[in-house]
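K.L.:
Quick one, target.txt (compact mmCIF, C-alpha atoms):
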```txt
# COMPACT_ATOMS: atom_id res chain seq x y z
CA MET H 202 57.57 170.84 207.75
CA ILE H 203 56.91 167.11 207.42
CA SER H 204 55.94 165.96 203.92
CA ARG H 205 52.75 164.00 203.34
CA SER H 206 54.62 160.92 202.11
CA VAL H 207 56.63 160.85 205.35
CA LEU H 208 53.42 161.33 207.33
CA HIS H 209 51.80 158.38 205.54
CA GLU H 210 54.79 156.20 206.27
CA CYS H 211 54.85 157.22 209.93
CA ILE H 212 51.17 156.33 210.31
CA LEU H 213 51.78 152.96 208.65
CA LEU H 214 54.62 152.33 211.09
CA PHE H 215 52.34 153.30 213.99
CA LEU H 216 49.70 150.81 212.83
CA ILE H 217 52.29 148.05 212.42
CA ILE H 218 53.56 148.56 215.96
CA PHE H 219 50.26 149.31 217.70
CA SER H 220 47.96 146.68 216.17
CA PRO H 221 49.46 143.54 217.80
CA LEU H 222 50.15 145.08 221.23
CA PHE H 223 46.66 144.85 222.76
CA TYR H 224 45.34 141.35 222.13
CA ALA H 225 45.86 141.78 218.36
CA ALA H 226 43.47 144.78 218.40
CA VAL H 227 40.39 142.66 219.11
CA THR H 228 39.37 144.77 222.10
CA PRO H 229 36.83 147.51 221.26
CA LEU H 230 39.13 150.44 221.98
CA SER H 231 42.18 149.12 220.13
CA ALA H 232 40.04 147.95 217.20
CA THR H 233 38.44 151.39 216.97
CA ILE H 234 41.85 153.06 216.97
CA VAL H 235 43.19 150.78 214.22
CA GLN H 236 40.09 151.22 212.06
CA SER H 237 39.90 154.98 212.56
CA VAL H 238 43.59 155.56 211.84
CA SER H 239 43.42 153.30 208.75
CA LEU H 240 40.46 155.19 207.31
CA CYS H 241 42.10 158.54 208.12
CA LEU H 242 45.21 157.33 206.32
CA LEU H 243 43.12 156.60 203.23
CA LEU H 244 41.49 160.04 203.44
CA LEU H 245 44.94 161.65 203.69
CA LEU H 246 46.00 159.80 200.56
CA MET H 247 42.88 160.89 198.69
CA SER H 248 43.37 164.51 199.72
CA LYS H 249 46.97 164.35 198.53
CA LEU H 250 45.87 163.02 195.15
CA CYS H 251 43.11 165.62 194.84
CA PHE H 252 45.59 168.50 195.27
CA SER H 253 48.18 167.01 192.95
CA SER H 254 47.79 167.39 189.20
CA THR H 255 50.57 164.92 188.38
CA ARG H 256 49.69 162.02 190.70
CA ARG H 257 47.11 159.36 190.05
CA ILE H 258 45.95 156.61 192.34
CA VAL H 259 47.58 153.24 191.73
CA TYR H 260 45.40 150.14 191.88
CA PRO H 261 45.19 146.67 190.30
CA SER H 262 43.06 146.37 187.18
CA TYR H 263 40.93 143.77 188.96
CA LEU H 264 40.05 146.04 191.89
CA TYR H 265 36.51 146.02 190.54
CA LEU H 266 36.12 142.59 192.20
CA ILE H 267 36.36 144.24 195.62
CA GLY H 268 33.86 146.84 194.39
CA LEU H 269 31.44 144.07 193.45
CA PHE H 270 32.01 142.40 196.81
CA VAL H 271 31.14 145.63 198.63
CA CYS H 272 28.04 145.98 196.42
CA ILE H 273 26.87 142.55 197.58
CA ILE H 274 27.31 143.66 201.19
CA MET H 275 25.41 146.90 200.55
CA LEU H 276 22.66 144.88 198.89
CA GLN H 277 22.25 142.97 202.14
CA LEU H 278 21.35 146.26 203.85
CA ILE H 279 18.68 147.26 201.33
CA TYR H 280 15.04 146.44 201.96
CA LEU H 281 13.72 144.41 199.03
CA PRO H 282 10.14 143.41 198.16
CA ILE H 283 9.21 140.09 199.67
CA PHE H 284 8.41 138.59 196.27
CA VAL H 285 12.00 139.34 195.18
CA LEU H 286 13.42 137.67 198.28
CA ARG H 287 11.26 134.59 197.67
CA VAL H 288 13.32 134.11 194.51
CA CYS H 289 16.87 135.14 195.52
CA SER H 290 16.79 134.21 199.24
CA PRO H 291 13.65 132.18 200.03
CA HIS H 292 14.87 130.92 203.41
CA THR H 293 15.11 134.51 204.65
CA VAL H 294 11.37 134.78 204.14
CA VAL H 295 10.78 131.39 205.79
CA LEU H 296 12.70 132.34 208.94
CA THR H 297 10.99 135.74 209.08
CA GLU H 298 7.55 134.14 208.83
CA ARG H 299 8.40 131.89 211.77
CA ASN H 300 8.97 134.94 213.97
CA ILE H 301 6.20 137.20 212.64
CA ASP H 302 2.59 136.12 212.88
CA THR H 303 1.36 138.01 209.82
CA LEU H 304 3.74 139.00 207.04
CA HIS H 305 2.17 141.30 204.47
CA ALA H 306 2.39 140.14 200.86
CA PHE H 307 3.93 143.49 199.88
CA ALA H 308 6.31 143.73 202.82
CA PHE H 309 9.99 144.67 202.45
CA LEU H 310 12.78 142.64 203.99
CA ARG H 311 16.59 142.56 204.01
CA THR H 312 18.72 139.53 203.17
CA ALA H 313 20.74 140.27 206.32
CA PHE H 314 18.85 139.57 209.54
CA TYR H 315 20.89 141.96 211.69
CA SER H 316 22.29 145.16 210.24
CA LEU H 317 24.52 146.33 213.12
CA PRO H 318 27.07 143.48 212.94
CA LEU H 319 27.00 143.81 209.16
CA ARG H 320 27.96 147.49 209.36
CA GLU H 321 30.67 146.74 211.91
CA GLU H 322 32.24 144.02 209.76
CA LEU H 323 31.99 146.17 206.63
CA VAL H 324 33.79 149.07 208.32
CA LYS H 325 36.43 146.67 209.61
CA PHE H 326 37.00 145.24 206.13
CA LEU H 327 37.15 148.63 204.41
CA SER H 328 39.54 150.05 206.99
CA LEU H 329 41.94 147.12 206.74
CA PHE H 330 41.72 146.81 202.96
CA SER H 331 42.52 150.52 202.74
CA ILE H 332 46.00 149.61 204.04
CA PHE H 333 46.55 147.75 200.76
CA ILE H 334 45.56 150.80 198.68
CA VAL H 335 47.63 153.19 200.78
CA THR H 336 50.71 150.94 200.71
CA ILE H 337 50.83 150.60 196.92
CA ASN H 338 50.42 154.38 196.55
CA VAL H 339 52.83 155.55 199.25
CA LEU H 340 55.85 153.25 198.86
CA GLU H 341 58.21 154.34 196.11
CA LYS H 342 61.79 154.28 197.40
CA LYS H 343 63.80 151.29 198.46
CA ARG H 344 64.42 152.80 201.87
CA GLN H 345 60.67 152.92 202.52
CA PHE H 346 60.30 149.20 201.76
CA GLN H 347 63.26 148.44 204.02
CA ARG H 348 61.94 150.47 206.94
CA LEU H 349 58.53 148.83 206.87
CA ILE H 350 59.94 145.32 206.45
CA LEU H 351 62.53 145.73 209.19
CA THR H 352 59.89 147.15 211.54
CA VAL H 353 57.69 144.11 210.96
CA ILE H 354 60.60 141.69 211.43
CA PHE H 355 62.08 143.19 214.61
CA LEU H 356 58.66 143.81 216.15
CA SER H 357 57.79 140.16 215.53
CA LEU H 358 61.10 139.08 217.07
CA THR H 359 60.34 141.17 220.15
CA LEU H 360 56.84 139.71 220.44
CA SER H 361 58.27 136.20 220.07
CA PHE H 362 60.82 136.76 222.84
CA TYR H 363 58.13 138.21 225.08
CA GLY H 364 55.84 135.27 224.35
CA LEU H 365 58.51 132.70 225.22
CA PHE H 366 59.59 134.61 228.32
CA ARG H 367 55.99 134.96 229.51
CA LYS H 368 55.10 131.34 228.84
CA TYR H 369 58.18 129.60 230.19
CA THR H 370 59.21 132.02 232.93
CA ILE H 371 56.22 133.97 234.25
CA LEU H 372 53.59 131.28 233.66
CA GLY H 373 56.01 128.40 234.14
CA ALA H 374 54.99 126.69 230.86
CA ALA H 375 51.38 126.56 232.05
CA GLU H 376 48.83 125.74 229.40
CA THR H 377 46.94 128.83 228.30
CA GLN H 378 45.18 129.97 225.17
CA SER H 379 47.02 133.30 225.05
CA PHE H 380 50.57 133.78 223.82
CA SER H 381 52.70 136.92 223.87
CA THR H 382 50.41 139.95 223.43
CA PHE H 383 47.83 137.89 221.52
CA GLY H 384 44.72 136.62 223.21
CA ASN H 385 45.00 133.30 221.36
CA ALA H 386 48.07 131.31 220.36
CA ASN H 387 46.51 130.54 216.96
CA HIS H 388 46.25 134.27 216.21
CA PHE H 389 49.90 134.70 217.18
CA ALA H 390 50.85 131.84 214.88
CA GLY H 391 48.83 133.32 212.01
CA TYR H 392 50.68 136.61 212.39
CA MET H 393 54.13 135.02 212.52
CA ILE H 394 53.48 132.67 209.59
CA MET H 395 53.67 135.73 207.34
CA VAL H 396 56.80 137.13 208.99
CA VAL H 397 59.11 134.09 208.91
CA PRO H 398 59.34 133.75 205.08
CA LEU H 399 59.58 137.56 204.81
CA ALA H 400 62.55 137.58 207.23
CA ILE H 401 64.24 134.80 205.25
CA GLY H 402 63.57 136.67 202.01
CA TYR H 403 65.09 139.84 203.44
CA GLY H 404 68.14 137.90 204.58
CA LEU H 405 68.54 136.37 201.12
CA SER H 406 68.43 139.85 199.57
CA CYS H 407 71.49 140.92 201.58
CA ARG H 408 74.89 140.57 199.95
CA ASN H 409 76.71 140.48 203.27
CA ILE H 410 77.00 136.90 204.56
CA PHE H 411 76.85 138.05 208.18
CA ALA H 412 73.56 139.85 207.50
CA LYS H 413 72.17 136.68 205.89
CA LEU H 414 73.02 134.66 208.99
CA ILE H 415 71.50 137.29 211.30
CA PHE H 416 68.16 137.24 209.52
CA GLY H 417 68.28 133.45 209.27
CA PHE H 418 68.68 133.35 213.05
CA ILE H 419 65.80 135.82 213.50
CA ALA H 420 63.58 133.65 211.30
CA ALA H 421 64.58 130.64 213.41
CA MET H 422 63.64 132.39 216.67
CA ILE H 423 60.24 133.42 215.32
CA SER H 424 59.66 129.92 213.90
CA ALA H 425 60.48 128.34 217.24
CA SER H 426 58.00 130.65 218.96
CA VAL H 427 55.27 129.48 216.58
CA PHE H 428 55.93 125.83 217.47
CA LEU H 429 56.26 126.59 221.18
CA SER H 430 52.98 128.49 221.14
CA LEU H 431 51.49 125.00 220.60
CA SER H 432 49.33 126.09 217.69
CA ARG H 433 48.91 122.87 215.70
CA ALA H 434 47.46 124.41 212.55
CA GLY H 435 49.95 127.27 212.81
CA SER H 436 52.91 124.88 212.96
CA LEU H 437 51.70 122.92 209.93
CA SER H 438 51.03 126.12 207.96
CA LEU H 439 54.49 127.49 208.72
CA VAL H 440 56.13 124.26 207.55
CA LEU H 441 54.05 124.39 204.36
CA SER H 442 55.03 127.99 203.59
CA LEU H 443 58.74 127.18 204.07
CA LEU H 444 58.47 124.10 201.86
CA ILE H 445 56.88 126.20 199.13
CA MET H 446 59.66 128.74 199.48
CA CYS H 447 62.32 126.03 199.18
CA TYR H 448 60.62 124.62 196.08
CA LEU H 449 60.43 128.02 194.40
CA LEU H 450 64.09 128.69 195.20
CA PHE H 451 64.94 125.31 193.69
CA ARG H 452 63.12 126.32 190.51
CA GLN H 453 65.21 129.48 190.42
CA ASN H 454 68.41 127.39 190.67
CA ALA H 455 69.37 129.21 193.85
CA GLY H 456 72.87 128.70 195.21
CA MET H 457 73.68 126.59 198.24
CA LEU H 458 74.27 129.72 200.32
CA LYS H 459 70.60 130.67 199.95
CA TYR H 460 69.52 127.21 201.02
CA GLY H 461 71.93 127.58 203.93
CA VAL H 462 69.92 130.48 205.33
CA ILE H 463 66.75 128.35 205.40
CA ILE H 464 68.65 125.33 206.75
CA LEU H 465 70.09 127.52 209.52
CA ALA H 466 66.62 128.76 210.42
CA ILE H 467 65.28 125.21 210.58
CA ALA H 468 68.28 123.89 212.55
CA VAL H 469 68.13 126.63 215.18
CA SER H 470 64.35 126.15 215.49
CA ILE H 471 64.81 122.43 216.12
CA LEU H 472 67.51 123.15 218.71
CA LEU H 473 65.25 125.54 220.59
CA LEU H 474 62.40 123.04 220.50
CA MET H 475 64.67 120.35 221.92
CA LEU H 476 65.64 122.67 224.77
CA ALA H 477 61.95 123.18 225.60
CA GLY H 478 61.43 119.43 225.86
CA PRO H 479 58.78 117.14 224.38
CA GLY H 480 56.20 117.53 227.16
CA PRO H 481 54.14 120.44 225.81
CA PHE H 482 53.99 118.96 222.32
CA LYS H 483 52.70 115.62 223.54
CA LYS H 484 49.86 117.34 225.39
CA THR H 485 48.70 119.44 222.46
CA PHE H 486 49.18 117.03 219.57
CA ILE H 487 47.70 114.07 221.42
CA PHE H 488 44.33 115.83 221.17
CA PHE H 489 44.84 116.78 217.53
CA LYS H 490 42.23 114.30 216.30
CA GLU H 491 39.62 115.48 218.81
CA GLY H 492 40.23 119.10 217.82
CA MET H 493 39.82 118.33 214.14
CA LEU H 494 36.61 116.40 214.79
CA GLY H 495 35.20 119.41 216.63
CA ARG H 496 36.11 121.72 213.75
CA TRP H 497 34.57 119.28 211.28
CA ALA H 498 31.31 119.21 213.26
CA VAL H 499 31.08 123.01 213.09
CA ALA H 500 31.91 123.02 209.37
CA ARG H 501 29.33 120.30 208.69
CA ASP H 502 26.57 122.31 210.34
CA SER H 503 27.62 125.44 208.46
CA LEU H 504 27.07 123.60 205.17
CA ARG H 505 23.37 123.49 206.05
CA MET H 506 23.45 127.28 206.35
CA ILE H 507 25.04 127.54 202.91
CA ARG H 508 22.27 125.33 201.55
CA ASP H 509 19.65 127.72 202.95
CA PHE H 510 21.42 130.94 201.87
CA PRO H 511 23.37 129.93 198.74
CA LEU H 512 23.43 133.13 196.66
CA PHE H 513 23.68 136.18 198.93
CA GLY H 514 24.30 134.61 202.35
CA CYS H 515 22.68 135.36 205.69
CA GLY H 516 24.43 138.71 206.11
CA LEU H 517 28.02 139.71 206.88
CA GLY H 518 28.64 139.27 210.62
CA ASN H 519 25.39 137.34 211.10
CA PHE H 520 26.91 133.85 211.46
CA SER H 521 27.01 133.85 215.25
CA TYR H 522 23.34 134.83 215.53
CA LEU H 523 21.99 132.12 213.23
CA PHE H 524 24.40 129.25 213.86
CA PRO H 525 22.80 128.08 217.17
CA SER H 526 19.64 127.10 215.29
CA TYR H 527 21.74 124.94 212.94
CA GLN H 528 24.08 123.51 215.56
CA THR H 529 23.56 119.77 216.09
CA PHE H 530 25.99 119.24 218.98
CA ALA H 531 26.14 120.76 222.44
CA THR H 532 29.12 122.99 223.24
CA PHE H 533 27.81 124.90 226.28
CA PRO H 534 29.26 127.22 227.51
CA VAL H 535 31.32 127.59 224.29
CA TYR H 536 29.81 130.17 221.93
CA TYR H 537 30.85 130.19 218.27
CA LYS H 538 31.18 133.81 217.21
CA TYR H 539 33.27 132.78 214.20
CA LEU H 540 33.42 129.64 212.15
CA HIS H 541 36.98 128.27 212.27
CA ASN H 542 37.25 128.43 208.49
CA GLU H 543 37.42 131.78 206.71
CA TYR H 544 36.27 130.34 203.40
CA LEU H 545 33.15 128.67 204.72
CA GLN H 546 32.25 131.66 206.88
CA MET H 547 32.54 134.03 203.93
CA ILE H 548 30.24 131.80 201.89
CA VAL H 549 27.78 131.53 204.78
CA GLU H 550 27.62 135.30 205.30
CA THR H 551 27.97 136.67 201.75
CA GLY H 552 26.82 133.72 199.67
CA CYS H 553 28.60 132.07 196.79
CA ILE H 554 28.48 135.30 194.79
CA GLY H 555 30.07 137.58 197.39
CA ALA H 556 32.67 134.98 198.43
CA PHE H 557 33.61 134.43 194.78
CA PHE H 558 34.36 138.14 194.24
CA TYR H 559 36.40 138.36 197.45
CA PHE H 560 38.56 135.27 197.06
CA PHE H 561 38.92 135.67 193.31
CA PHE H 562 40.49 139.07 193.97
CA ILE H 563 43.03 137.48 196.33
CA PHE H 564 43.72 134.73 193.78
CA LYS H 565 44.19 137.27 190.97
CA MET H 566 46.47 139.38 193.13
CA LEU H 567 48.72 136.46 194.09
CA LYS H 568 48.80 135.20 190.51
CA ASP H 569 49.62 138.69 189.21
CA ILE H 570 52.48 139.10 191.69
CA PHE H 571 53.89 135.65 190.94
CA SER H 572 53.72 136.15 187.17
CA GLN H 573 55.44 139.53 187.40
CA LEU H 574 58.11 138.11 189.70
CA ALA H 575 59.28 135.79 186.92
CA THR H 576 60.32 138.85 184.89
CA ARG H 577 62.39 140.51 187.65
CA HIS H 578 66.11 140.02 188.23
CA ASP H 579 66.75 142.49 191.06
CA PRO H 580 67.82 140.34 194.06
CA PHE H 581 66.01 142.64 196.50
CA VAL H 582 62.75 142.41 194.58
CA GLN H 583 63.08 138.68 193.93
CA HIS H 584 63.59 137.63 197.53
CA ILE H 585 61.37 140.16 199.28
CA VAL H 586 58.45 139.36 196.99
CA LEU H 587 59.09 135.60 197.20
CA GLY H 588 59.20 135.68 201.02
CA GLY H 589 56.12 137.87 201.32
CA TRP H 590 54.22 135.76 198.77
CA CYS H 591 54.97 132.49 200.60
CA GLY H 592 53.92 134.08 203.89
CA LEU H 593 50.54 135.09 202.45
CA VAL H 594 50.00 131.60 201.04
CA GLY H 595 50.85 130.14 204.46
CA LEU H 596 48.25 132.34 206.15
CA LEU H 597 45.62 131.44 203.54
CA PHE H 598 46.24 127.77 204.30
CA HIS H 599 46.05 128.49 208.03
CA SER H 600 42.70 130.20 207.44
CA ILE H 601 41.20 126.80 206.64
CA PHE H 602 41.41 126.16 210.39
CA GLU H 603 41.18 129.68 211.85
CA PHE H 604 39.40 133.05 211.44
CA ASN H 605 42.53 135.11 210.75
CA PHE H 606 40.81 137.85 208.74
CA HIS H 607 38.58 138.65 211.71
CA ILE H 608 41.64 139.49 213.83
CA PRO H 609 42.56 143.13 213.04
CA ALA H 610 46.32 142.79 213.61
CA VAL H 611 46.59 139.68 211.43
CA ALA H 612 44.35 141.07 208.67
CA LEU H 613 46.23 144.39 208.72
CA LEU H 614 49.58 142.65 208.27
CA PHE H 615 48.16 140.50 205.46
CA TRP H 616 47.00 143.52 203.43
CA LEU H 617 50.16 145.45 204.29
CA ILE H 618 52.44 142.68 202.99
CA ALA H 619 50.15 142.17 199.99
CA GLY H 620 50.43 145.85 199.10
CA LEU H 621 54.15 145.90 199.82
CA ILE H 622 55.06 142.99 197.53
CA TYR H 623 52.57 144.10 194.84
CA LYS H 624 54.22 147.51 194.66
CA CYS H 625 57.72 146.04 195.02
CA VAL H 626 57.34 143.64 192.11
CA TYR H 627 56.33 146.52 189.83
CA THR H 628 58.98 148.98 191.10
CA HIS H 629 62.37 149.37 189.43
CA PHE H 630 64.90 150.80 191.84
CA SER H 631 67.57 152.93 190.21
CA GLN H 632 70.26 152.30 192.82
CA PRO H 633 70.71 150.57 196.20
CA ALA H 634 69.60 152.51 199.21
CA VAL H 635 72.29 153.67 201.60
CA GLY H 636 72.33 151.70 204.81
CA HIS H 637 70.91 148.49 203.40
CA PRO H 638 72.76 145.44 204.70
CA GLU H 639 74.01 144.68 201.20
CA ASP H 640 76.16 147.82 201.41
CA ILE H 641 77.79 146.88 204.70
```
Could I get this file's structure written as structure tokens?
P.N.:
Amino acid sequence: MISRSVLHECILLFLIIFSPLFYAAVTPLSATIVQSVSLCLLLLLMSKLCFSSTRRIVYPSYLYLIGLFVCIIMLQLIYLPIFVLRVCSPHTVVLTERNIDTLHAFAFLRTAFYSLPLREELVKFLSLFSIFIVTINVLEKKRQFQRLILTVIFLSLTLSFYGLFRKYTILGAAETQSFSTFGNANHFAGYMIMVVPLAIGYGLSCRNIFAKLIFGFIAAMISASVFLSLSRAGSLSLVLSLLIMCYLLFRQNAGMLKYGVIILAIAVSILLLMLAGPGPFKKTFIFFKEGMLGRWAVARDSLRMIRDFPLFGCGLGNFSYLFPSYQTFATFPVYYKYLHNEYLQMIVETGCIGAFFYFFFIFKMLKDIFSQLATRHDPFVQHIVLGGWCGLVGLLFHSIFEFNFHIPAVALLFWLIAGLIYKCVYTHFSQPAVGHPEDI
């Protein structure tokens, strides 16, 4: 009979493999499967804890920030007296009065204009964030960490190979927004930004030099695929994450062999880029300025939305419905469902209060992990946590230009790696796991 811990791990492995296969789980069916399985995984964990007298749920002390964030979202669903809204969200009343001829003085309104997209986004967030809770409660043994990390790394390598093969063989290097199994090259880049430092960190944790070189080569292949996907923001974010990793290794007085793994990854990446030729890069980076100006125009108009809904926002998932009335430039037939900046969109939809709770939790989590890392001397913990941490920082930088947390596969990997390195930095392994490359 399969144990519950093994069942939890198998479901996590299924989500890791399944989520990026069908356009990063943005299609309705694949998104529903990912969300349903994630919530079922959380329910399985809760049932396990309920029937166990010795186990308690593990969670960060600052988890209350996510609770407060969810409370803000729930508040957006509640009908409030109009005189209350005139104080906390006056522009909601103004827009409602424009569409309703007579608004009763004692009427009740919601701060969110449309409740259906709000519920959909809330379920999406809760299902993906549950991966973080499940991960820090399920992972205990070194072998479990290794299996999940290796699955992520080799799956990403496979997706990178498929992306390069599809782009330069099947499509003949034709320009297209999609890359590999992702519907957009920027989403692919966001996913791989987290994997490259993690692969390097895993390689650094191996004692066997051959294993170090293998994972350095894997990191190089994935890095090259990010550049060849022609995602400009993705390429810059990946470079930033690797620079941060090099700096932190320098502070640790790392040996030249560890730098050699990163140098190998960079050298092989450059070689692969040279083989592809300069043509594709000229085409995409020559329009870099125009692309940034377009993003700036969208961000500028969104600031007017923040001005009108400063405290509680216009409602989670409501950006796309209200933005056309604030848009000052024509983009027909382009329709902005998401603002290409996660930070601004969160402020627009949940207000300064909700966005503060959400991003302050992420800041506290990263700070907590980094502070605890300084006290650890286990090579496995040091390098896995360092690689995962740099990957998360790289994605957060990339989210200035993209809507990564609205892509289920990317958001799932973010919370998975966050939970993995959070639990890893607090776990003391008694002995090396059999089969780890360091034992070869």
K.L.:
Around the point (56.0, 139.7, 188.8) in the file's coordinates, collect all residues with an atom within 12 Å, using all atoms listed in the file, and return them as number ranges by chain.
P.N.:
H: 566-579, 582-587, 590, 622-629
K.L.:
Keeping only C-alpha atoms, write the selected residues to a file as a PDB file, in the frame of the given file.
P.N.:
```pdb
ATOM      1  CA  MET H 566      46.470 139.380 193.130  1.00  0.00           C
ATOM      2  CA  LEU H 567      48.720 136.460 194.090  1.00  0.00           C
ATOM      3  CA  LYS H 568      48.800 135.200 190.510  1.00  0.00           C
ATOM      4  CA  ASP H 569      49.620 138.690 189.210  1.00  0.00           C
ATOM      5  CA  ILE H 570      52.480 139.100 191.690  1.00  0.00           C
ATOM      6  CA  PHE H 571      53.890 135.650 190.940  1.00  0.00           C
ATOM      7  CA  SER H 572      53.720 136.150 187.170  1.00  0.00           C
ATOM      8  CA  GLN H 573      55.440 139.530 187.400  1.00  0.00           C
ATOM      9  CA  LEU H 574      58.110 138.110 189.700  1.00  0.00           C
ATOM     10  CA  ALA H 575      59.280 135.790 186.920  1.00  0.00           C
ATOM     11  CA  THR H 576      60.320 138.850 184.890  1.00  0.00           C
ATOM     12  CA  ARG H 577      62.390 140.510 187.650  1.00  0.00           C
ATOM     13  CA  HIS H 578      66.110 140.020 188.230  1.00  0.00           C
ATOM     14  CA  ASP H 579      66.750 142.490 191.060  1.00  0.00           C
ATOM     15  CA  VAL H 582      62.750 142.410 194.580  1.00  0.00           C
ATOM     16  CA  GLN H 583      63.080 138.680 193.930  1.00  0.00           C
ATOM     17  CA  HIS H 584      63.590 137.630 197.530  1.00  0.00           C
ATOM     18  CA  ILE H 585      61.370 140.160 199.280  1.00  0.00           C
ATOM     19  CA  VAL H 586      58.450 139.360 196.990  1.00  0.00           C
ATOM     20  CA  LEU H 587      59.090 135.600 197.200  1.00  0.00           C
ATOM     21  CA  TRP H 590      54.220 135.760 198.770  1.00  0.00           C
ATOM     22  CA  ILE H 622      55.060 142.990 197.530  1.00  0.00           C
ATOM     23  CA  TYR H 623      52.570 144.100 194.840  1.00  0.00           C
ATOM     24  CA  LYS H 624      54.220 147.510 194.660  1.00  0.00           C
ATOM     25  CA  CYS H 625      57.720 146.040 195.020  1.00  0.00           C
ATOM     26  CA  VAL H 626      57.340 143.640 192.110  1.00  0.00           C
ATOM     27  CA  TYR H 627      56.330 146.520 189.830  1.00  0.00           C
ATOM     28  CA  THR H 628      58.980 148.980 191.100  1.00  0.00           C
ATOM     29  CA  HIS H 629      62.370 149.370 189.430  1.00  0.00           C
TER      30      HIS H 629
END
```
K.L.:
Using all atoms listed in the file for the distances, tell me which of H:Ile608, H:Val353, H:Ile548, H:Ala421 is nearest to Phe223 in chain H.
P.N.:
H:Ile608
K.L.:
Separation of CA of Phe333 in chain H and CA of Glu210 in chain H, in Å?
P.N.:
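Straight-line distance from CA of Phe333 in chain H to CA of Glu210 in chain H works out to 13.0 Å.
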K.L.:
Between CA of Leu266 in chain H and CA of Phe513 in chain H, what is the distance in Å, rounded to a tenth?
P.N.:
15.5 Å
K.L.:
Excluding Tyr403 in chain H and any residue of its chain fewer than 5 positions from it, enumerate the residues within 10 Å of it, using all atoms listed in the file, and give them as a PyMOL selection string.
P.N.:
chain H and resi 347+350-351+354+397-398+412-413+416-417+580-589+638
K.L.:
How would the residues just picked look written out with C-alpha atoms as a short mmCIF file (atom, residue, chain, number, x, y, z; two decimals), in the frame of the given file?
P.N.:
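Once everything was written out, this is result.cif:
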```cif
data_model
loop_
_atom_site.label_atom_id
_atom_site.label_comp_id
_atom_site.auth_asym_id
_atom_site.auth_seq_id
_atom_site.Cartn_x
_atom_site.Cartn_y
_atom_site.Cartn_z
CA GLN H 347 63.26 148.44 204.02
CA ILE H 350 59.94 145.32 206.45
CA LEU H 351 62.53 145.73 209.19
CA ILE H 354 60.60 141.69 211.43
CA VAL H 397 59.11 134.09 208.91
CA PRO H 398 59.34 133.75 205.08
CA ALA H 412 73.56 139.85 207.50
CA LYS H 413 72.17 136.68 205.89
CA PHE H 416 68.16 137.24 209.52
CA GLY H 417 68.28 133.45 209.27
CA PRO H 580 67.82 140.34 194.06
CA PHE H 581 66.01 142.64 196.50
CA VAL H 582 62.75 142.41 194.58
CA GLN H 583 63.08 138.68 193.93
CA HIS H 584 63.59 137.63 197.53
CA ILE H 585 61.37 140.16 199.28
CA VAL H 586 58.45 139.36 196.99
CA LEU H 587 59.09 135.60 197.20
CA GLY H 588 59.20 135.68 201.02
CA GLY H 589 56.12 137.87 201.32
CA PRO H 638 72.76 145.44 204.70
#
```
K.L.:
State, in Å with one decimal place, the distance from CA of Trp616 in chain H to CA of Ile394 in chain H.
P.N.:
14.1 Å
K.L.:
Find the residues around Val259 in chain H up to 10 Å (only C-alpha atoms counted), leave out those fewer than 3 positions away in its own chain, and share them as a list of chain:residue names.
P.N.:
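So, after excluding close chain neighbours, the residues are H:Arg256, H:Ser262, H:Ile334, H:Val335, H:Thr336, H:Ile337, H:Asn338, H:Val339, H:Lys624.
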